[in-house]
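Trainee: Below is the file structure01.tsv, with TSV, N, CA and C atoms.
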```
chain	number	residue	atom	x	y	z
A	210	MET	N	91.33	-19.04	-12.38
A	210	MET	CA	90.92	-18.31	-13.57
A	210	MET	C	89.67	-18.99	-14.16
A	211	THR	N	88.65	-18.22	-14.39
A	211	THR	CA	87.43	-18.76	-14.95
A	211	THR	C	87.37	-18.46	-16.44
A	212	ASN	N	86.79	-19.39	-17.16
A	212	ASN	CA	86.60	-19.18	-18.59
A	212	ASN	C	85.30	-18.41	-18.78
A	213	LYS	N	85.40	-17.25	-19.34
A	213	LYS	CA	84.24	-16.41	-19.57
A	213	LYS	C	83.52	-16.87	-20.83
A	214	ILE	N	82.23	-16.92	-20.76
A	214	ILE	CA	81.43	-17.31	-21.93
A	214	ILE	C	81.11	-16.04	-22.69
A	215	ARG	N	81.71	-15.93	-23.86
A	215	ARG	CA	81.53	-14.73	-24.68
A	215	ARG	C	80.68	-14.99	-25.93
A	216	ASN	N	80.60	-16.25	-26.31
A	216	ASN	CA	79.91	-16.61	-27.54
A	216	ASN	C	79.19	-17.93	-27.30
A	217	PHE	N	78.19	-18.21	-28.11
A	217	PHE	CA	77.46	-19.47	-27.95
A	217	PHE	C	78.38	-20.67	-28.11
A	218	THR	N	79.45	-20.53	-28.87
A	218	THR	CA	80.39	-21.64	-29.07
A	218	THR	C	81.19	-21.95	-27.80
A	219	ASP	N	81.12	-21.08	-26.81
A	219	ASP	CA	81.77	-21.33	-25.52
A	219	ASP	C	80.90	-22.18	-24.59
A	220	LEU	N	79.64	-22.32	-24.91
A	220	LEU	CA	78.72	-23.10	-24.07
A	220	LEU	C	78.99	-24.60	-24.25
A	221	GLU	N	79.16	-25.30	-23.14
A	221	GLU	CA	79.41	-26.74	-23.20
A	221	GLU	C	78.26	-27.49	-23.87
A	222	VAL	N	77.03	-27.04	-23.62
A	222	VAL	CA	75.88	-27.71	-24.24
A	222	VAL	C	75.90	-27.54	-25.76
A	223	TRP	N	76.34	-26.38	-26.24
A	223	TRP	CA	76.45	-26.19	-27.69
A	223	TRP	C	77.53	-27.10	-28.25
A	224	LYS	N	78.66	-27.20	-27.56
A	224	LYS	CA	79.76	-28.07	-28.02
A	224	LYS	C	79.31	-29.52	-28.12
A	225	LEU	N	78.62	-29.99	-27.09
A	225	LEU	CA	78.13	-31.36	-27.09
A	225	LEU	C	77.10	-31.56	-28.21
A	226	GLY	N	76.23	-30.57	-28.38
A	226	GLY	CA	75.23	-30.64	-29.46
A	226	GLY	C	75.88	-30.63	-30.82
A	227	HIS	N	76.94	-29.84	-30.99
A	227	HIS	CA	77.64	-29.77	-32.27
A	227	HIS	C	78.28	-31.11	-32.61
A	228	GLU	N	78.92	-31.74	-31.64
A	228	GLU	CA	79.49	-33.08	-31.85
A	228	GLU	C	78.40	-34.07	-32.24
A	229	PHE	N	77.25	-33.94	-31.60
A	229	PHE	CA	76.11	-34.80	-31.90
A	229	PHE	C	75.67	-34.62	-33.36
A	230	VAL	N	75.55	-33.37	-33.80
A	230	VAL	CA	75.15	-33.08	-35.18
A	230	VAL	C	76.15	-33.69	-36.17
A	231	LEU	N	77.43	-33.50	-35.91
A	231	LEU	CA	78.46	-34.04	-36.81
A	231	LEU	C	78.36	-35.56	-36.90
A	232	ASP	N	78.10	-36.21	-35.77
A	232	ASP	CA	77.95	-37.67	-35.79
A	232	ASP	C	76.68	-38.10	-36.53
A	233	ILE	N	75.62	-37.34	-36.37
A	233	ILE	CA	74.38	-37.64	-37.11
A	233	ILE	C	74.65	-37.59	-38.61
A	234	TYR	N	75.36	-36.56	-39.06
A	234	TYR	CA	75.69	-36.45	-40.49
A	234	TYR	C	76.48	-37.65	-40.98
A	235	LYS	N	77.39	-38.16	-40.16
A	235	LYS	CA	78.16	-39.35	-40.54
A	235	LYS	C	77.26	-40.59	-40.61
A	236	ILE	N	76.39	-40.71	-39.63
A	236	ILE	CA	75.53	-41.89	-39.53
A	236	ILE	C	74.50	-41.95	-40.66
A	237	ILE	N	73.90	-40.81	-40.99
A	237	ILE	CA	72.83	-40.84	-42.00
A	237	ILE	C	73.34	-41.16	-43.39
A	238	LYS	N	74.63	-41.08	-43.61
A	238	LYS	CA	75.20	-41.48	-44.90
A	238	LYS	C	74.94	-42.96	-45.18
A	239	GLN	N	74.74	-43.73	-44.12
A	239	GLN	CA	74.51	-45.16	-44.25
A	239	GLN	C	73.03	-45.51	-44.44
A	240	PHE	N	72.15	-44.53	-44.28
A	240	PHE	CA	70.72	-44.80	-44.44
A	240	PHE	C	70.41	-45.04	-45.92
A	241	PRO	N	69.35	-45.79	-46.20
A	241	PRO	CA	68.98	-46.04	-47.60
A	241	PRO	C	68.67	-44.74	-48.34
A	242	LYS	N	69.03	-44.69	-49.61
A	242	LYS	CA	68.78	-43.49	-50.43
A	242	LYS	C	67.29	-43.16	-50.50
A	243	ARG	N	66.43	-44.16	-50.46
A	243	ARG	CA	64.99	-43.91	-50.53
A	243	ARG	C	64.49	-43.09	-49.34
A	244	GLU	N	65.29	-43.01	-48.27
A	244	GLU	CA	64.92	-42.25	-47.08
A	244	GLU	C	65.43	-40.82	-47.11
A	245	MET	N	66.03	-40.40	-48.22
A	245	MET	CA	66.63	-39.08	-48.30
A	245	MET	C	65.64	-37.98	-47.90
A	246	TYR	N	64.39	-38.13	-48.29
A	246	TYR	CA	63.38	-37.11	-47.99
A	246	TYR	C	62.49	-37.53	-46.82
A	247	GLY	N	62.85	-38.60	-46.16
A	247	GLY	CA	62.09	-39.10	-45.02
A	247	GLY	C	62.87	-38.93	-43.74
A	248	ILE	N	63.17	-40.04	-43.10
A	248	ILE	CA	63.83	-40.01	-41.79
A	248	ILE	C	65.20	-39.35	-41.85
A	249	THR	N	65.92	-39.50	-42.95
A	249	THR	CA	67.24	-38.88	-43.07
A	249	THR	C	67.13	-37.37	-42.96
A	250	SER	N	66.24	-36.79	-43.73
A	250	SER	CA	66.04	-35.35	-43.71
A	250	SER	C	65.53	-34.87	-42.36
A	251	GLN	N	64.59	-35.60	-41.80
A	251	GLN	CA	64.00	-35.20	-40.51
A	251	GLN	C	65.04	-35.22	-39.39
A	252	LEU	N	65.86	-36.28	-39.35
A	252	LEU	CA	66.87	-36.40	-38.31
A	252	LEU	C	67.94	-35.32	-38.46
A	253	CYS	N	68.31	-35.06	-39.69
A	253	CYS	CA	69.30	-34.02	-39.96
A	253	CYS	C	68.77	-32.66	-39.50
A	254	ARG	N	67.57	-32.32	-39.88
A	254	ARG	CA	67.01	-31.01	-39.53
A	254	ARG	C	66.78	-30.85	-38.03
A	255	SER	N	66.28	-31.89	-37.38
A	255	SER	CA	66.02	-31.76	-35.94
A	255	SER	C	67.31	-31.66	-35.14
A	256	SER	N	68.35	-32.37	-35.56
A	256	SER	CA	69.61	-32.28	-34.83
A	256	SER	C	70.28	-30.92	-35.02
A	257	VAL	N	70.24	-30.40	-36.22
A	257	VAL	CA	70.80	-29.07	-36.48
A	257	VAL	C	70.02	-28.00	-35.71
A	258	SER	N	68.74	-28.21	-35.57
A	258	SER	CA	67.89	-27.26	-34.86
A	258	SER	C	68.28	-27.12	-33.39
A	259	ILE	N	68.85	-28.16	-32.81
A	259	ILE	CA	69.28	-28.09	-31.41
A	259	ILE	C	70.30	-26.97	-31.23
A	260	THR	N	71.37	-27.04	-31.99
A	260	THR	CA	72.44	-26.06	-31.83
A	260	THR	C	72.04	-24.69	-32.39
A	261	SER	N	71.20	-24.68	-33.40
A	261	SER	CA	70.74	-23.41	-33.95
A	261	SER	C	69.93	-22.63	-32.93
A	262	ASN	N	69.05	-23.31	-32.21
A	262	ASN	CA	68.25	-22.64	-31.20
A	262	ASN	C	69.07	-22.21	-29.99
A	263	ILE	N	70.08	-23.00	-29.64
A	263	ILE	CA	70.98	-22.58	-28.56
A	263	ILE	C	71.70	-21.30	-28.97
A	264	ALA	N	72.21	-21.28	-30.19
A	264	ALA	CA	72.93	-20.10	-30.69
A	264	ALA	C	72.03	-18.88	-30.71
A	265	GLU	N	70.82	-19.05	-31.23
A	265	GLU	CA	69.92	-17.91	-31.32
A	265	GLU	C	69.49	-17.43	-29.93
A	266	GLY	N	69.22	-18.36	-29.04
A	266	GLY	CA	68.84	-17.99	-27.68
A	266	GLY	C	69.95	-17.25	-26.96
A	267	PHE	N	71.17	-17.70	-27.15
A	267	PHE	CA	72.31	-17.05	-26.51
A	267	PHE	C	72.42	-15.59	-26.92
A	268	SER	N	72.11	-15.31	-28.16
A	268	SER	CA	72.28	-13.96	-28.69
A	268	SER	C	71.10	-13.03	-28.40
A	269	ARG	N	70.05	-13.55	-27.80
A	269	ARG	CA	68.90	-12.72	-27.46
A	269	ARG	C	69.19	-11.90	-26.21
A	270	TYR	N	68.72	-10.67	-26.22
A	270	TYR	CA	68.98	-9.74	-25.12
A	270	TYR	C	68.08	-10.01	-23.92
A	271	HIS	N	66.82	-10.27	-24.17
A	271	HIS	CA	65.84	-10.47	-23.11
A	271	HIS	C	65.82	-11.93	-22.68
A	272	PHE	N	65.79	-12.15	-21.39
A	272	PHE	CA	65.86	-13.50	-20.87
A	272	PHE	C	64.66	-14.35	-21.26
A	273	LYS	N	63.48	-13.74	-21.41
A	273	LYS	CA	62.32	-14.50	-21.87
A	273	LYS	C	62.53	-15.04	-23.28
A	274	ASP	N	63.17	-14.25	-24.13
A	274	ASP	CA	63.50	-14.72	-25.48
A	274	ASP	C	64.52	-15.86	-25.43
A	275	LYS	N	65.53	-15.70	-24.59
A	275	LYS	CA	66.54	-16.75	-24.44
A	275	LYS	C	65.87	-18.06	-24.06
A	276	ILE	N	65.03	-17.99	-23.05
A	276	ILE	CA	64.37	-19.19	-22.53
A	276	ILE	C	63.53	-19.86	-23.62
A	277	ARG	N	62.82	-19.06	-24.39
A	277	ARG	CA	61.98	-19.61	-25.46
A	277	ARG	C	62.81	-20.41	-26.45
A	278	PHE	N	63.96	-19.88	-26.85
A	278	PHE	CA	64.81	-20.59	-27.81
A	278	PHE	C	65.45	-21.83	-27.18
A	279	TYR	N	65.78	-21.75	-25.89
A	279	TYR	CA	66.33	-22.92	-25.21
A	279	TYR	C	65.28	-24.02	-25.10
A	280	TYR	N	64.02	-23.63	-24.88
A	280	TYR	CA	62.93	-24.61	-24.89
A	280	TYR	C	62.76	-25.21	-26.29
A	281	ASN	N	62.89	-24.39	-27.32
A	281	ASN	CA	62.81	-24.91	-28.69
A	281	ASN	C	63.92	-25.93	-28.94
A	282	ALA	N	65.12	-25.64	-28.43
A	282	ALA	CA	66.24	-26.58	-28.57
A	282	ALA	C	65.90	-27.89	-27.88
A	283	ARG	N	65.30	-27.80	-26.71
A	283	ARG	CA	64.92	-29.01	-25.99
A	283	ARG	C	63.87	-29.82	-26.76
A	284	GLY	N	62.95	-29.12	-27.41
A	284	GLY	CA	61.99	-29.81	-28.25
A	284	GLY	C	62.66	-30.52	-29.42
A	285	SER	N	63.66	-29.89	-30.00
A	285	SER	CA	64.40	-30.51	-31.11
A	285	SER	C	65.19	-31.72	-30.64
A	286	VAL	N	65.64	-31.70	-29.38
A	286	VAL	CA	66.32	-32.86	-28.80
A	286	VAL	C	65.35	-34.04	-28.77
A	287	SER	N	64.13	-33.79	-28.30
A	287	SER	CA	63.12	-34.85	-28.23
A	287	SER	C	62.76	-35.36	-29.61
A	288	GLU	N	62.64	-34.44	-30.56
A	288	GLU	CA	62.34	-34.85	-31.93
A	288	GLU	C	63.46	-35.73	-32.49
A	289	SER	N	64.69	-35.35	-32.23
A	289	SER	CA	65.82	-36.15	-32.69
A	289	SER	C	65.80	-37.54	-32.06
A	290	GLN	N	65.50	-37.58	-30.77
A	290	GLN	CA	65.42	-38.87	-30.09
A	290	GLN	C	64.35	-39.75	-30.72
A	291	ASN	N	63.22	-39.18	-31.05
A	291	ASN	CA	62.15	-39.93	-31.70
A	291	ASN	C	62.62	-40.51	-33.05
A	292	HIS	N	63.33	-39.70	-33.83
A	292	HIS	CA	63.82	-40.16	-35.14
A	292	HIS	C	64.86	-41.27	-34.98
A	293	ILE	N	65.68	-41.17	-33.94
A	293	ILE	CA	66.68	-42.21	-33.68
A	293	ILE	C	66.00	-43.52	-33.30
A	294	ILE	N	64.97	-43.45	-32.48
A	294	ILE	CA	64.22	-44.64	-32.10
A	294	ILE	C	63.59	-45.29	-33.32
A	295	ILE	N	62.99	-44.47	-34.18
A	295	ILE	CA	62.38	-45.01	-35.40
A	295	ILE	C	63.44	-45.65	-36.29
A	296	ALA	N	64.57	-44.94	-36.48
A	296	ALA	CA	65.64	-45.48	-37.32
A	296	ALA	C	66.15	-46.81	-36.77
A	297	ARG	N	66.26	-46.90	-35.46
A	297	ARG	CA	66.67	-48.17	-34.83
A	297	ARG	C	65.63	-49.26	-35.07
A	298	ASP	N	64.36	-48.92	-34.87
A	298	ASP	CA	63.30	-49.92	-34.95
A	298	ASP	C	63.05	-50.42	-36.36
A	299	VAL	N	63.39	-49.63	-37.37
A	299	VAL	CA	63.23	-50.11	-38.75
A	299	VAL	C	64.54	-50.71	-39.28
A	300	GLY	N	65.57	-50.75	-38.45
A	300	GLY	CA	66.81	-51.43	-38.81
A	300	GLY	C	67.88	-50.57	-39.47
A	301	TYR	N	67.75	-49.26	-39.42
A	301	TYR	CA	68.78	-48.38	-40.00
A	301	TYR	C	69.93	-48.13	-39.04
A	302	LEU	N	69.68	-48.28	-37.75
A	302	LEU	CA	70.71	-48.10	-36.73
A	302	LEU	C	70.77	-49.35	-35.87
A	303	ASP	N	71.98	-49.77	-35.52
A	303	ASP	CA	72.05	-50.89	-34.59
A	303	ASP	C	71.85	-50.38	-33.16
A	304	GLY	N	71.60	-51.31	-32.27
A	304	GLY	CA	71.25	-50.96	-30.89
A	304	GLY	C	72.33	-50.19	-30.17
A	305	GLU	N	73.60	-50.55	-30.39
A	305	GLU	CA	74.69	-49.88	-29.68
A	305	GLU	C	74.82	-48.42	-30.11
A	306	ILE	N	74.72	-48.16	-31.40
A	306	ILE	CA	74.82	-46.78	-31.90
A	306	ILE	C	73.64	-45.96	-31.39
A	307	SER	N	72.44	-46.50	-31.49
A	307	SER	CA	71.27	-45.75	-31.04
A	307	SER	C	71.32	-45.51	-29.53
A	308	GLN	N	71.81	-46.49	-28.78
A	308	GLN	CA	71.92	-46.33	-27.33
A	308	GLN	C	72.92	-45.22	-26.99
A	309	ASN	N	74.03	-45.17	-27.70
A	309	ASN	CA	75.02	-44.11	-27.49
A	309	ASN	C	74.43	-42.74	-27.81
A	310	LEU	N	73.70	-42.64	-28.93
A	310	LEU	CA	73.09	-41.37	-29.32
A	310	LEU	C	72.06	-40.91	-28.28
A	311	ILE	N	71.27	-41.84	-27.79
A	311	ILE	CA	70.25	-41.49	-26.79
A	311	ILE	C	70.90	-41.09	-25.47
A	312	PHE	N	71.98	-41.75	-25.10
A	312	PHE	CA	72.73	-41.34	-23.91
A	312	PHE	C	73.19	-39.89	-24.04
A	313	ARG	N	73.72	-39.55	-25.20
A	313	ARG	CA	74.19	-38.19	-25.45
A	313	ARG	C	73.04	-37.19	-25.47
A	314	ILE	N	71.92	-37.61	-26.03
A	314	ILE	CA	70.73	-36.76	-26.04
A	314	ILE	C	70.29	-36.45	-24.60
A	315	ASN	N	70.33	-37.44	-23.75
A	315	ASN	CA	69.95	-37.22	-22.35
A	315	ASN	C	70.88	-36.23	-21.68
A	316	LYS	N	72.17	-36.29	-21.99
A	316	LYS	CA	73.13	-35.34	-21.44
A	316	LYS	C	72.84	-33.93	-21.95
A	317	ILE	N	72.55	-33.80	-23.24
A	317	ILE	CA	72.21	-32.49	-23.81
A	317	ILE	C	70.96	-31.93	-23.13
A	318	THR	N	69.97	-32.78	-22.90
A	318	THR	CA	68.73	-32.35	-22.24
A	318	THR	C	69.03	-31.84	-20.83
A	319	GLN	N	69.84	-32.56	-20.08
A	319	GLN	CA	70.21	-32.12	-18.73
A	319	GLN	C	70.89	-30.76	-18.76
A	320	MET	N	71.81	-30.59	-19.69
A	320	MET	CA	72.54	-29.32	-19.79
A	320	MET	C	71.62	-28.18	-20.22
A	321	LEU	N	70.70	-28.47	-21.14
A	321	LEU	CA	69.72	-27.46	-21.55
A	321	LEU	C	68.83	-27.06	-20.39
A	322	ASN	N	68.43	-28.03	-19.58
A	322	ASN	CA	67.61	-27.72	-18.40
A	322	ASN	C	68.36	-26.78	-17.47
A	323	GLY	N	69.66	-27.00	-17.31
A	323	GLY	CA	70.47	-26.09	-16.49
A	323	GLY	C	70.55	-24.70	-17.09
A	324	LEU	N	70.68	-24.64	-18.41
A	324	LEU	CA	70.74	-23.34	-19.10
A	324	LEU	C	69.41	-22.60	-18.94
A	325	ILE	N	68.32	-23.33	-19.04
A	325	ILE	CA	66.98	-22.73	-18.87
A	325	ILE	C	66.83	-22.20	-17.44
A	326	ARG	N	67.21	-23.02	-16.45
A	326	ARG	CA	67.12	-22.58	-15.04
A	326	ARG	C	67.96	-21.33	-14.81
A	327	SER	N	69.15	-21.32	-15.38
A	327	SER	CA	70.04	-20.18	-15.21
A	327	SER	C	69.40	-18.91	-15.78
A	328	ALA	N	68.82	-19.01	-16.97
A	328	ALA	CA	68.16	-17.85	-17.59
A	328	ALA	C	66.92	-17.45	-16.79
A	329	GLN	N	66.18	-18.43	-16.27
A	329	GLN	CA	64.99	-18.11	-15.48
A	329	GLN	C	65.36	-17.38	-14.20
A	330	ASN	N	66.50	-17.71	-13.64
A	330	ASN	CA	66.95	-17.04	-12.40
A	330	ASN	C	67.34	-15.57	-12.66
A	331	GLN	N	67.52	-15.22	-13.91
A	331	GLN	CA	67.86	-13.84	-14.27
A	331	GLN	C	66.64	-12.95	-14.46
A	332	LEU	N	65.46	-13.58	-14.50
A	332	LEU	CA	64.21	-12.82	-14.69
A	332	LEU	C	63.89	-11.97	-13.47
```
Would it be possible to restate this file's structure as structure tokens?

Mentor:
Amino acid sequence: MTNKIRNFTDLEVWKLGHEFVLDIYKIIKQFPKREMYGITSQLCRSSVSITSNIAEGFSRYHFKDKIRFYYNARGSVSESQNHIIIARDVGYLDGEISQNLIFRINKITQMLNGLIRSAQNQL
């Protein structure tokens, strides 16, 4: 029996991205208050953008539209990675936490690449 994907929430990449977003929200609570409108806001927005673009791409009818949103999600993954590196380098994240987040980001990127290839094969 195969699990049919009926909604974006059925996509494994969305699930992994959603867990990532929830962890980012937990982690940024520890950032200095002076960063509320800086790295905290940027990291929050870029991580949420990953799953938002996956959701929007999934709901698009035309495969070219799907691919565009999946590429946007991949860009948001890279942006999030950049913010994590900065947060680590300025001392807001310890090395183990940032390493775990980057490992997960790499997994999300791999899965997004598969989703993009799958949509491209439908063209």

Trainee: If you measure from atom CA of A:Ile325 to atom CA of A:Glu228, what distance in Å do you get, rounded to one decimal?

Mentor: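 It comes out at 20.8 Å.
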
Trainee: Would you please work out which residue, of A:Thr260, A:Thr218, A:Ser255, A:Gln239, is nearest to A:Ile317 when using only C-alpha atoms?

Mentor: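 Of A:Thr260, A:Thr218, A:Ser255, A:Gln239, the one nearest A:Ile317, counting only C-alpha atoms, is A:Thr260.
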
Trainee: Measuring between only C-alpha atoms, which one of A:Glu244, A:Ser285, A:Ile236, A:Tyr279 shows the shortest distance to A:Val299?

Mentor: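 Looking at the shortest contact to A:Val299, the residue is A:Glu244.
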
Trainee: Between atom CA of A:Ile237 and atom CA of A:Thr249, what is the distance, to one decimal in Å?

Mentor: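 These two atoms are separated by 6.0 Å.
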
Trainee: Pick from A:Asn322, A:Ser307, A:Asn262, A:Asn212: nearest to A:Ile294, with all atoms listed in the file counted?

Mentor: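 Ranked by minimum distance to A:Ile294, first place goes to A:Ser307.
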
Trainee: Please, what is the axis-aligned box for every listed atom of stretch 256-266 of chain A with 6 Å on each side, as centre and edge lengths in Å to one decimal, as lines of an AutoDock Vina configuration file?

Mentor:
```
center_x = 70.4
center_y = -24.8
center_z = -31.7
size_x = 17.0
size_y = 27.1
size_z = 21.5
```

Trainee: Could you find all residues in chain A that DSSP calls helix (DSSP H, G or I) from the backbone, and write them as a ChimeraX atom specification?

Mentor: /A:217-219,221-237,242-244,248-267,272-298,304-329

Trainee: Closest to A:Ala282 among A:Tyr301, A:Phe240, A:Tyr234, A:Phe267, using only C-alpha atoms?

Mentor: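 When distances to A:Ala282 are compared using only C-alpha atoms, the smallest one comes from A:Phe267.
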
Trainee: Provide the atom CA of A:Met320 to atom CA of A:Ile306 distance in Å, to one decimal place.

Mentor: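 Value for the atom CA of A:Met320-atom CA of A:Ile306 distance: 21.4 Å.
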
Trainee: Taking (78.9, -33.5, -23.0) in the file's coordinates, which residues come within 12 Å, counting only C-alpha atoms, written as a PyMOL selection string?

Mentor: chain A and resi 220-229+310+312-321

Trainee: Select, from A:Ile276, A:Val257, A:Ile263, A:Val230, the residue with the minimum atom-to-atom distance to A:Gln329, counting only C-alpha atoms.

Mentor: A:Ile276
